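Enquirer: Contents of protein36.cif (mmCIF, C-alpha atoms) are below:
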```
data_run
loop_
_atom_site.group_PDB
_atom_site.id
_atom_site.type_symbol
_atom_site.label_atom_id
_atom_site.label_comp_id
_atom_site.auth_asym_id
_atom_site.auth_seq_id
_atom_site.Cartn_x
_atom_site.Cartn_y
_atom_site.Cartn_z
ATOM 1 C CA VAL A 1 54.805 -63.145 73.776
ATOM 2 C CA ASN A 2 53.325 -59.773 74.709
ATOM 3 C CA LEU A 3 50.544 -57.833 73.003
ATOM 4 C CA PHE A 4 53.018 -55.611 71.148
ATOM 5 C CA ASP A 5 54.696 -58.657 69.579
ATOM 6 C CA ILE A 6 51.309 -60.089 68.550
ATOM 7 C CA ALA A 7 50.313 -56.725 67.024
ATOM 8 C CA ALA A 8 53.605 -56.547 65.093
ATOM 9 C CA ILE A 9 53.108 -60.097 63.752
ATOM 10 C CA ASN A 10 49.560 -59.240 62.648
ATOM 11 C CA VAL A 11 50.757 -56.077 60.892
ATOM 12 C CA ARG A 12 53.533 -57.953 59.077
ATOM 13 C CA GLY A 13 51.068 -60.659 58.066
ATOM 14 C CA SER A 14 48.625 -58.069 56.760
ATOM 15 C CA ILE A 15 51.376 -56.361 54.733
ATOM 16 C CA ASP A 16 52.512 -59.702 53.275
ATOM 17 C CA ARG A 17 48.945 -60.608 52.281
ATOM 18 C CA THR A 18 48.520 -57.180 50.649
ATOM 19 C CA LYS A 19 51.770 -57.615 48.703
ATOM 20 C CA CYS A 20 50.675 -61.064 47.483
ATOM 21 C CA LYS A 21 47.337 -59.658 46.371
ATOM 22 C CA ILE A 22 49.027 -56.834 44.459
ATOM 23 C CA VAL A 23 51.384 -59.277 42.731
ATOM 24 C CA ARG A 24 48.449 -61.495 41.713
ATOM 25 C CA ASN A 25 46.549 -58.483 40.333
ATOM 26 C CA VAL A 26 49.592 -57.286 38.354
ATOM 27 C CA GLN A 27 50.103 -60.758 36.886
ATOM 28 C CA GLN A 28 46.416 -60.979 35.974
ATOM 29 C CA ILE A 29 46.609 -57.627 34.166
ATOM 30 C CA LEU A 30 49.880 -58.608 32.448
ATOM 31 C CA PHE A 31 48.380 -61.763 30.946
ATOM 32 C CA THR A 32 45.032 -60.249 29.926
ATOM 33 C CA GLN A 33 44.541 -60.103 26.153
ATOM 34 C CA PRO A 34 44.346 -56.431 25.052
ATOM 35 C CA VAL A 35 41.292 -55.478 23.002
ATOM 36 C CA SER A 36 43.511 -54.082 20.236
ATOM 37 C CA SER A 37 47.116 -53.218 19.533
ATOM 38 C CA HIS A 38 48.611 -49.976 20.817
ATOM 39 C CA LEU A 39 47.928 -48.439 17.388
ATOM 40 C CA GLU A 40 44.171 -48.928 17.873
ATOM 41 C CA ASP A 41 41.839 -48.063 14.941
ATOM 42 C CA CYS A 42 41.876 -45.587 12.076
ATOM 43 C CA PRO A 43 39.735 -42.663 13.341
ATOM 44 C CA ILE A 44 37.998 -42.388 9.957
ATOM 45 C CA CYS A 45 37.098 -45.912 8.799
ATOM 46 C CA TRP A 46 37.404 -47.475 12.278
ATOM 47 C CA LEU A 47 39.326 -50.472 10.948
ATOM 48 C CA PRO A 48 42.305 -51.682 13.007
ATOM 49 C CA LEU A 49 45.531 -50.020 11.923
ATOM 50 C CA SER A 50 48.159 -52.320 10.451
ATOM 51 C CA LEU A 51 51.213 -53.089 12.562
ATOM 52 C CA ASP A 52 53.214 -52.218 9.452
ATOM 53 C CA ILE A 53 53.867 -48.520 10.068
ATOM 54 C CA GLN A 54 54.305 -47.999 6.317
ATOM 55 C CA LYS A 55 50.550 -48.567 5.939
ATOM 56 C CA SER A 56 49.443 -45.627 8.058
ATOM 57 C CA THR A 57 50.326 -41.951 8.329
ATOM 58 C CA LEU A 58 50.763 -39.805 11.434
ATOM 59 C CA MET A 59 49.141 -36.462 10.695
ATOM 60 C CA PRO A 60 51.354 -33.749 12.266
ATOM 61 C CA CYS A 61 48.454 -31.305 12.542
ATOM 62 C CA CYS A 62 46.352 -33.439 14.909
ATOM 63 C CA SER A 63 48.680 -36.401 15.708
ATOM 64 C CA ASN A 64 46.119 -38.916 14.506
ATOM 65 C CA ASN A 65 47.280 -42.102 12.820
ATOM 66 C CA ILE A 66 45.240 -42.545 9.634
ATOM 67 C CA CYS A 67 45.312 -45.633 7.436
ATOM 68 C CA ASN A 68 46.802 -45.072 3.987
ATOM 69 C CA GLY A 69 43.484 -46.039 2.387
ATOM 70 C CA CYS A 70 41.601 -43.162 3.995
ATOM 71 C CA ASP A 71 44.467 -40.743 3.399
ATOM 72 C CA TYR A 72 44.669 -41.754 -0.279
ATOM 73 C CA ALA A 73 40.889 -41.547 -0.792
ATOM 74 C CA ASN A 74 40.885 -38.031 0.655
ATOM 75 C CA LEU A 75 43.848 -37.014 -1.529
ATOM 76 C CA ILE A 76 42.195 -38.313 -4.728
ATOM 77 C CA ARG A 77 38.963 -36.442 -3.889
ATOM 78 C CA GLU A 78 40.854 -33.189 -3.375
ATOM 79 C CA LEU A 79 42.976 -33.559 -6.510
ATOM 80 C CA LYS A 80 39.966 -34.376 -8.700
ATOM 81 C CA GLY A 81 38.041 -31.424 -7.327
ATOM 82 C CA SER A 82 41.031 -29.078 -7.460
ATOM 83 C CA LEU A 83 40.559 -28.520 -3.736
ATOM 84 C CA GLU A 84 43.053 -27.341 -1.153
ATOM 85 C CA LEU A 85 44.962 -30.297 0.308
ATOM 86 C CA LYS A 86 43.869 -30.856 3.900
ATOM 87 C CA CYS A 87 44.183 -33.440 6.661
ATOM 88 C CA ALA A 88 41.681 -36.231 6.120
ATOM 89 C CA PHE A 89 40.679 -36.094 9.793
ATOM 90 C CA CYS A 90 40.844 -32.556 11.207
ATOM 91 C CA ARG A 91 40.699 -30.751 7.833
ATOM 92 C CA HIS A 92 43.724 -28.602 8.664
ATOM 93 C CA PRO A 93 45.670 -27.528 5.537
ATOM 94 C CA ARG A 94 48.495 -29.956 4.751
ATOM 95 C CA ILE A 95 51.685 -29.021 6.591
ATOM 96 C CA SER A 96 54.866 -28.559 4.603
ATOM 97 C CA ASP A 97 58.113 -30.316 5.513
ATOM 98 C CA GLU A 98 59.492 -26.997 6.743
ATOM 99 C CA GLU A 99 56.573 -26.550 9.159
ATOM 100 C CA LEU A 100 56.494 -30.184 10.293
ATOM 101 C CA GLU A 101 58.693 -30.059 13.380
ATOM 102 C CA LEU A 102 57.391 -26.639 14.452
ATOM 103 C CA ASN A 103 53.829 -27.929 14.438
ATOM 104 C CA LEU A 104 54.840 -31.112 16.254
ATOM 105 C CA MET A 105 56.428 -28.996 18.984
ATOM 106 C CA LYS A 106 53.117 -27.189 19.392
ATOM 107 C CA ARG A 107 51.474 -30.589 19.852
ATOM 108 C CA VAL A 108 54.151 -31.488 22.417
ATOM 109 C CA GLU A 109 53.322 -28.337 24.375
ATOM 110 C CA ALA A 110 49.691 -29.474 24.329
ATOM 111 C CA ASN A 111 50.747 -32.769 26.009
ATOM 112 C CA ASP A 112 50.287 -34.881 22.891
ATOM 113 C CA SER A 113 52.115 -38.180 23.529
ATOM 114 C CA ALA A 114 52.296 -39.172 19.839
ATOM 115 C CA ALA A 115 54.036 -35.886 19.006
ATOM 116 C CA MET A 116 56.420 -36.425 21.939
ATOM 117 C CA CYS A 117 57.408 -39.818 20.547
ATOM 118 C CA GLN A 118 57.897 -38.303 17.093
ATOM 119 C CA ILE A 119 60.100 -35.462 18.364
ATOM 120 C CA GLY A 120 61.923 -37.901 20.641
ATOM 121 C CA GLY A 121 62.658 -40.005 17.577
ATOM 122 C CA TYR A 122 64.148 -37.012 15.758
ATOM 123 C CA ARG A 123 66.402 -36.188 18.710
ATOM 124 C CA ARG A 124 67.417 -39.835 19.138
ATOM 125 C CA ASN A 125 68.397 -40.105 15.464
ATOM 126 C CA GLU A 126 70.539 -36.993 15.940
ATOM 127 C CA GLY A 127 72.291 -38.615 18.905
ATOM 128 C CA ASP A 128 70.667 -36.335 21.505
ATOM 129 C CA TYR A 129 69.652 -39.225 23.748
ATOM 130 C CA VAL A 130 69.005 -37.118 26.846
ATOM 131 C CA THR A 131 66.346 -34.992 25.117
ATOM 132 C CA ALA A 132 64.880 -38.074 23.445
ATOM 133 C CA PHE A 133 64.642 -39.788 26.834
ATOM 134 C CA GLN A 134 62.844 -36.781 28.304
ATOM 135 C CA HIS A 135 60.230 -36.790 25.544
ATOM 136 C CA TYR A 136 59.698 -40.552 25.766
ATOM 137 C CA SER A 137 59.401 -40.380 29.565
ATOM 138 C CA LYS A 138 56.753 -37.663 29.423
ATOM 139 C CA ALA A 139 54.800 -39.616 26.800
ATOM 140 C CA ALA A 140 55.037 -42.760 28.930
ATOM 141 C CA GLU A 141 53.677 -40.837 31.935
ATOM 142 C CA LEU A 142 50.668 -40.015 29.755
ATOM 143 C CA GLY A 143 50.132 -43.743 29.164
ATOM 144 C CA ASP A 144 51.624 -44.107 25.685
ATOM 145 C CA ALA A 145 52.510 -47.804 25.168
ATOM 146 C CA HIS A 146 54.884 -47.066 22.298
ATOM 147 C CA ALA A 147 56.798 -44.618 24.505
ATOM 148 C CA HIS A 148 57.212 -47.337 27.137
ATOM 149 C CA TYR A 149 58.659 -49.635 24.470
ATOM 150 C CA LEU A 150 61.086 -46.951 23.303
ATOM 151 C CA LEU A 151 62.229 -46.411 26.898
ATOM 152 C CA THR A 152 62.863 -50.150 27.112
ATOM 153 C CA GLN A 153 65.284 -49.841 24.201
ATOM 154 C CA MET A 154 67.065 -46.877 25.788
ATOM 155 C CA TYR A 155 67.521 -48.673 29.120
ATOM 156 C CA TYR A 156 68.756 -51.757 27.255
ATOM 157 C CA ASN A 157 71.268 -49.814 25.155
ATOM 158 C CA GLY A 158 72.193 -47.277 27.824
ATOM 159 C CA GLU A 159 71.189 -44.347 25.622
ATOM 160 C CA GLY A 160 71.038 -41.186 27.727
ATOM 161 C CA VAL A 161 70.663 -43.304 30.870
ATOM 162 C CA LYS A 162 72.536 -46.061 32.673
ATOM 163 C CA LYS A 163 71.640 -49.575 31.616
ATOM 164 C CA ASP A 164 68.966 -50.814 34.015
ATOM 165 C CA GLU A 165 67.421 -54.248 33.566
ATOM 166 C CA LYS A 166 64.680 -53.691 36.153
ATOM 167 C CA LYS A 167 63.484 -50.475 34.507
ATOM 168 C CA GLU A 168 63.844 -52.109 31.096
ATOM 169 C CA VAL A 169 61.507 -54.940 32.131
ATOM 170 C CA TYR A 170 59.119 -52.510 33.852
ATOM 171 C CA HIS A 171 58.624 -50.473 30.689
ATOM 172 C CA LEU A 172 58.493 -53.633 28.575
ATOM 173 C CA GLU A 173 55.603 -54.923 30.687
ATOM 174 C CA ARG A 174 53.815 -51.579 30.555
ATOM 175 C CA ALA A 175 54.163 -51.541 26.760
ATOM 176 C CA ALA A 176 52.863 -55.109 26.540
ATOM 177 C CA ILE A 177 49.850 -54.316 28.730
ATOM 178 C CA GLY A 178 49.175 -51.348 26.435
ATOM 179 C CA GLY A 179 48.933 -53.673 23.427
ATOM 180 C CA ASN A 180 52.404 -53.409 21.883
ATOM 181 C CA PRO A 181 53.011 -56.822 20.212
ATOM 182 C CA ASP A 182 56.786 -56.279 19.905
ATOM 183 C CA ALA A 183 57.028 -55.738 23.648
ATOM 184 C CA ARG A 184 54.869 -58.806 24.242
ATOM 185 C CA TYR A 185 57.113 -60.926 21.998
ATOM 186 C CA ASP A 186 60.250 -59.636 23.747
ATOM 187 C CA LEU A 187 58.758 -60.592 27.115
ATOM 188 C CA GLY A 188 58.098 -64.081 25.753
ATOM 189 C CA ILE A 189 61.715 -64.410 24.616
ATOM 190 C CA ALA A 190 62.971 -63.222 28.006
ATOM 191 C CA GLU A 191 60.779 -65.748 29.829
ATOM 192 C CA TRP A 192 61.847 -68.533 27.462
ATOM 193 C CA HIS A 193 65.530 -67.863 28.173
ATOM 194 C CA LYS A 194 64.727 -68.123 31.886
ATOM 195 C CA CYS A 195 63.130 -71.548 31.181
ATOM 196 C CA ARG A 196 59.709 -70.237 32.235
ATOM 197 C CA HIS A 197 58.182 -71.742 29.143
ATOM 198 C CA ALA A 198 54.531 -71.623 30.235
ATOM 199 C CA ARG A 199 54.726 -67.857 30.777
ATOM 200 C CA ALA A 200 56.606 -67.431 27.494
ATOM 201 C CA VAL A 201 53.918 -69.276 25.550
ATOM 202 C CA LYS A 202 51.219 -67.060 27.079
ATOM 203 C CA HIS A 203 53.092 -63.984 25.859
ATOM 204 C CA PHE A 204 53.544 -65.472 22.377
ATOM 205 C CA ILE A 205 49.845 -66.289 22.102
ATOM 206 C CA ILE A 206 48.816 -62.771 23.104
ATOM 207 C CA ALA A 207 51.317 -61.288 20.624
ATOM 208 C CA ALA A 208 50.034 -63.558 17.834
ATOM 209 C CA LYS A 209 46.429 -62.520 18.466
ATOM 210 C CA LEU A 210 47.507 -58.875 18.167
ATOM 211 C CA GLY A 211 48.807 -59.667 14.704
#
```
Taking this structure as input, can you express it in the form of structure tokens?
Expert:
Amino acid sequence: VNLFDIAAINVRGSIDRTKCKIVRNVQQILFTQPVSSHLEDCPICWLPLSLDIQKSTLMPCCSNNICNGCDYANLIRELKGSLELKCAFCRHPRISDEELELNLMKRVEANDSAAMCQIGGYRRNEGDYVTAFQHYSKAAELGDAHAHYLLTQMYYNGEGVKKDEKKEVYHLERAAIGGNPDARYDLGIAEWHKCRHARAVKHFIIAAKLG
């Protein structure tokens, strides 16, 4: 064995050790309990937002999710005082249904991931999967966990893209790391079907703690 062979063996060994270390770090991150769900807290009362999306409102003016309690309290105050109706958070005048999408597009241009997901949802409902995929992808690049989960669905269903199990799982894991309990539960189901029950239970526990 010459020196070149020894050097090549050492390089390959170093690369293998690096790969193992990266895999361990990824697995450690994947199974770390997130501090909160991907919805985080209401920016007004600072209480955790409910996972039931009917109990919070996305304000199109500032793209903040506000709990219905804070939104209702603000509305009652304005109605009683005969005040102009404004956003409970940024105080922008309430946006009409006609102005809704136009304002959301302005938020998209400002790299607002929540607005991208909202517009992507509109396009997806209309059957324009390619445009929806583009919006979700950009939001995911900005770190939006919900966008990662939506991309998982598109790769699973083959909406606007070819079905791709690897990319589906990749985005599912990214969504789970970001605190999305639905993604976490889906990962648990996938692991359970593969008979990796210990990993599945870990996912289920994390999902349960997120609510």
Enquirer: Quick one, how far is atom CA of Ile119 of chain A from atom CA of Val35 of chain A?
Expert: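 Going from atom CA of Ile119 of chain A over to atom CA of Val35 of chain A covers 27.9 Å.
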Enquirer: What gap, in Å, lies between atom CA of His203 of chain A and atom CA of Phe31 of chain A?
Expert: 7.3 Å
Enquirer: With all atoms listed in the file as the counted atoms, please give the residues lying no more than 12 Å from Ser37 of chain A, apart from itself and same-chain residues fewer than 2 positions off, as a ChimeraX atom specification.
Expert: /A:33-35,39-42,47-52,144-146,175-184,206-211
Enquirer: Looking at A:Val201, A:Cys62, A:Ile44, A:Leu79, which one is nearest to Met105 of chain A, with distances taken over all atoms listed in the file?
Expert: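 Using all atoms listed in the file, Met105 of chain A sits closest to A:Cys62.
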Enquirer: Please indicate the distance in Å from atom CA of Ile53 of chain A to atom CA of Lys167 of chain A, rounded to one decimal place.
Expert: 26.3 Å
Enquirer: Please provide as a list in words all residues within 7 Å of segment 85-100 of chain A, with the sequence filter that same-chain residues fewer than 3 positions apart are discarded (counting only C-alpha atoms).
Expert: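 Counting only C-alpha atoms, the residues come to Ile44, Pro60, Cys61, Cys62, Asp71, Asn74, Glu78, Asn103 and Leu104 of chain A.
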Enquirer: Give me, as number ranges by chain, all polymer residues having an atom no more than 10 Å from Ala132 of chain A, counting all atoms listed in the file and skipping those fewer than 6 positions away in the same chain.
Expert: A: 116-126, 150-151, 154, 159-160
Enquirer: Residues near Asn68 of chain A, anyone? I mean within 9 Å using only C-alpha atoms, not counting same-chain ones fewer than 4 positions away, as a list in words.
Expert: Gln54, Lys55, Ser56, Thr57, Tyr72 and Ala73 of chain A
Enquirer: Smallest atom-to-atom distance to Tyr136 of chain A: which of A:Glu168, A:Gly188, A:Gly158, A:Ser113, using only C-alpha atoms?
Expert: A:Ser113
Enquirer: Smallest atom-to-atom distance to Tyr156 of chain A: which of A:Cys67, A:Leu75, A:Leu142, A:Leu172, using all atoms listed in the file?
Expert: A:Leu172
Enquirer: Nearest residue to Asp112 of chain A out of A:Arg199, A:Tyr129, A:Asn64, A:Lys166, using all atoms listed in the file?
Expert: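 Counting all atoms listed in the file, the residue closest to Asp112 of chain A is A:Asn64.
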